[in-house]
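J.: This is the structure I want to talk about, given as structure tokens.
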Amino acid sequence: MNTVSPPLPRPDRPEGFDQEIRELVDATAPRLFAVVEEFACADGELDARVAAWGLAFADGGGTQVTTVDGGLPLFLSSPERAAEWVSRRPGSFGSLVWPGAPTPQL
């Protein structure tokens, strides 16, 4: 027999408390970023791929990165370290792209 416990009663909440919770979540949410690997093809043309996705945690909480090819997750001190990690591959250059951010003009 499958039984479900009733939810715990929610305590009375002062007016505006829900908004405070929303602001807390918004202020502390990790930022999503992609680690892009740029490289030259055999014909000399430049190509790129998303090598990994990461979450940057606020206030020195570090960075968690997962490669798109199923490698082990990485725990790094900053998103920039993830870009450096991709740049270690010979002939590759790693960069960060923050979804939703304006694309810089180079």
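Ligands are numbered from 1 in the order shown, residues from 1 within each chain, and chains are lettered A, B, ... in the order they appear in the structure tokens.
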Where in chain A does DSSP assign strand (DSSP E), given as a PyMOL selection string?

T.: chain A and resi 31-40+46-56+63-67+74-76+92-97

J.: Filtering to N, CA and C atoms, could you give me those residues as an mmCIF file, in the first residue's frame?

T.:
```
data_model
loop_
_atom_site.group_PDB
_atom_site.id
_atom_site.type_symbol
_atom_site.label_atom_id
_atom_site.label_comp_id
_atom_site.auth_asym_id
_atom_site.auth_seq_id
_atom_site.Cartn_x
_atom_site.Cartn_y
_atom_site.Cartn_z
ATOM 1 N N ARG A 31 25.231 31.573 -11.567
ATOM 2 C CA ARG A 31 25.140 32.039 -12.952
ATOM 3 C C ARG A 31 25.587 30.920 -13.887
ATOM 4 N N LEU A 32 24.798 30.691 -14.915
ATOM 5 C CA LEU A 32 25.106 29.683 -15.916
ATOM 6 C C LEU A 32 26.072 30.255 -16.952
ATOM 7 N N PHE A 33 27.055 29.437 -17.363
ATOM 8 C CA PHE A 33 27.960 29.850 -18.434
ATOM 9 C C PHE A 33 28.364 28.644 -19.265
ATOM 10 N N ALA A 34 28.802 28.911 -20.477
ATOM 11 C CA ALA A 34 29.346 27.877 -21.362
ATOM 12 C C ALA A 34 30.840 28.091 -21.484
ATOM 13 N N VAL A 35 31.569 27.001 -21.584
ATOM 14 C CA VAL A 35 32.995 27.048 -21.896
ATOM 15 C C VAL A 35 33.101 26.658 -23.365
ATOM 16 N N VAL A 36 33.543 27.588 -24.175
ATOM 17 C CA VAL A 36 33.626 27.379 -25.622
ATOM 18 C C VAL A 36 35.078 27.097 -25.996
ATOM 19 N N GLU A 37 35.261 26.081 -26.800
ATOM 20 C CA GLU A 37 36.592 25.732 -27.309
ATOM 21 C C GLU A 37 36.682 26.173 -28.763
ATOM 22 N N GLU A 38 37.631 27.037 -29.065
ATOM 23 C CA GLU A 38 37.896 27.480 -30.436
ATOM 24 C C GLU A 38 39.142 26.754 -30.933
ATOM 25 N N PHE A 39 39.119 26.337 -32.203
ATOM 26 C CA PHE A 39 40.246 25.586 -32.747
ATOM 27 C C PHE A 39 40.274 25.719 -34.264
ATOM 28 N N ALA A 40 41.424 25.440 -34.851
ATOM 29 C CA ALA A 40 41.575 25.469 -36.307
ATOM 30 C C ALA A 40 41.339 24.068 -36.859
ATOM 31 N N LEU A 46 38.550 28.399 -38.872
ATOM 32 C CA LEU A 46 38.311 28.434 -37.438
ATOM 33 C C LEU A 46 36.952 27.836 -37.137
ATOM 34 N N ASP A 47 36.890 27.013 -36.097
ATOM 35 C CA ASP A 47 35.632 26.412 -35.675
ATOM 36 C C ASP A 47 35.547 26.516 -34.157
ATOM 37 N N ALA A 48 34.387 26.220 -33.612
ATOM 38 C CA ALA A 48 34.191 26.288 -32.165
ATOM 39 C C ALA A 48 33.143 25.275 -31.760
ATOM 40 N N ARG A 49 33.188 24.896 -30.492
ATOM 41 C CA ARG A 49 32.183 24.000 -29.933
ATOM 42 C C ARG A 49 32.012 24.337 -28.465
ATOM 43 N N VAL A 50 30.846 24.025 -27.927
ATOM 44 C CA VAL A 50 30.641 24.144 -26.490
ATOM 45 C C VAL A 50 31.282 22.906 -25.880
ATOM 46 N N ALA A 51 32.315 23.112 -25.075
ATOM 47 C CA ALA A 51 33.043 22.003 -24.459
ATOM 48 C C ALA A 51 32.457 21.622 -23.104
ATOM 49 N N ALA A 52 31.854 22.605 -22.419
ATOM 50 C CA ALA A 52 31.331 22.343 -21.076
ATOM 51 C C ALA A 52 30.314 23.410 -20.699
ATOM 52 N N TRP A 53 29.521 23.084 -19.687
ATOM 53 C CA TRP A 53 28.596 24.030 -19.069
ATOM 54 C C TRP A 53 28.979 24.158 -17.608
ATOM 55 N N GLY A 54 28.811 25.359 -17.078
ATOM 56 C CA GLY A 54 29.181 25.556 -15.682
ATOM 57 C C GLY A 54 28.208 26.429 -14.924
ATOM 58 N N LEU A 55 28.328 26.338 -13.603
ATOM 59 C CA LEU A 55 27.590 27.183 -12.674
ATOM 60 C C LEU A 55 28.601 27.904 -11.804
ATOM 61 N N ALA A 56 28.509 29.227 -11.794
ATOM 62 C CA ALA A 56 29.384 30.046 -10.951
ATOM 63 C C ALA A 56 28.582 30.481 -9.735
ATOM 64 N N THR A 63 33.060 27.150 -8.555
ATOM 65 C CA THR A 63 32.470 26.898 -9.861
ATOM 66 C C THR A 63 32.389 25.406 -10.092
ATOM 67 N N GLN A 64 31.264 24.961 -10.606
ATOM 68 C CA GLN A 64 31.106 23.561 -10.985
ATOM 69 C C GLN A 64 30.947 23.508 -12.490
ATOM 70 N N VAL A 65 31.717 22.634 -13.130
ATOM 71 C CA VAL A 65 31.719 22.532 -14.589
ATOM 72 C C VAL A 65 31.515 21.074 -14.979
ATOM 73 N N THR A 66 30.666 20.852 -15.982
ATOM 74 C CA THR A 66 30.433 19.513 -16.516
ATOM 75 C C THR A 66 30.689 19.542 -18.016
ATOM 76 N N THR A 67 31.540 18.651 -18.483
ATOM 77 C CA THR A 67 31.845 18.609 -19.907
ATOM 78 C C THR A 67 30.671 18.004 -20.680
ATOM 79 N N LEU A 74 33.965 18.983 -12.834
ATOM 80 C CA LEU A 74 35.114 19.682 -12.260
ATOM 81 C C LEU A 74 34.621 20.685 -11.235
ATOM 82 N N PHE A 75 35.369 20.834 -10.162
ATOM 83 C CA PHE A 75 35.080 21.843 -9.155
ATOM 84 C C PHE A 75 36.284 22.772 -9.134
ATOM 85 N N LEU A 76 36.073 24.008 -9.577
ATOM 86 C CA LEU A 76 37.156 24.965 -9.763
ATOM 87 C C LEU A 76 36.898 26.223 -8.944
ATOM 88 N N SER A 92 44.006 24.788 -29.073
ATOM 89 C CA SER A 92 42.679 25.236 -28.651
ATOM 90 C C SER A 92 42.776 26.489 -27.800
ATOM 91 N N PHE A 93 41.694 27.258 -27.851
ATOM 92 C CA PHE A 93 41.572 28.440 -27.004
ATOM 93 C C PHE A 93 40.214 28.368 -26.324
ATOM 94 N N GLY A 94 40.203 28.439 -25.007
ATOM 95 C CA GLY A 94 38.952 28.386 -24.259
ATOM 96 C C GLY A 94 38.465 29.778 -23.908
ATOM 97 N N SER A 95 37.149 29.967 -23.973
ATOM 98 C CA SER A 95 36.562 31.247 -23.582
ATOM 99 C C SER A 95 35.231 30.984 -22.889
ATOM 100 N N LEU A 96 34.750 32.000 -22.180
ATOM 101 C CA LEU A 96 33.487 31.910 -21.464
ATOM 102 C C LEU A 96 32.408 32.669 -22.217
ATOM 103 N N VAL A 97 31.222 32.105 -22.254
ATOM 104 C CA VAL A 97 30.063 32.789 -22.823
ATOM 105 C C VAL A 97 28.944 32.667 -21.798
#
```
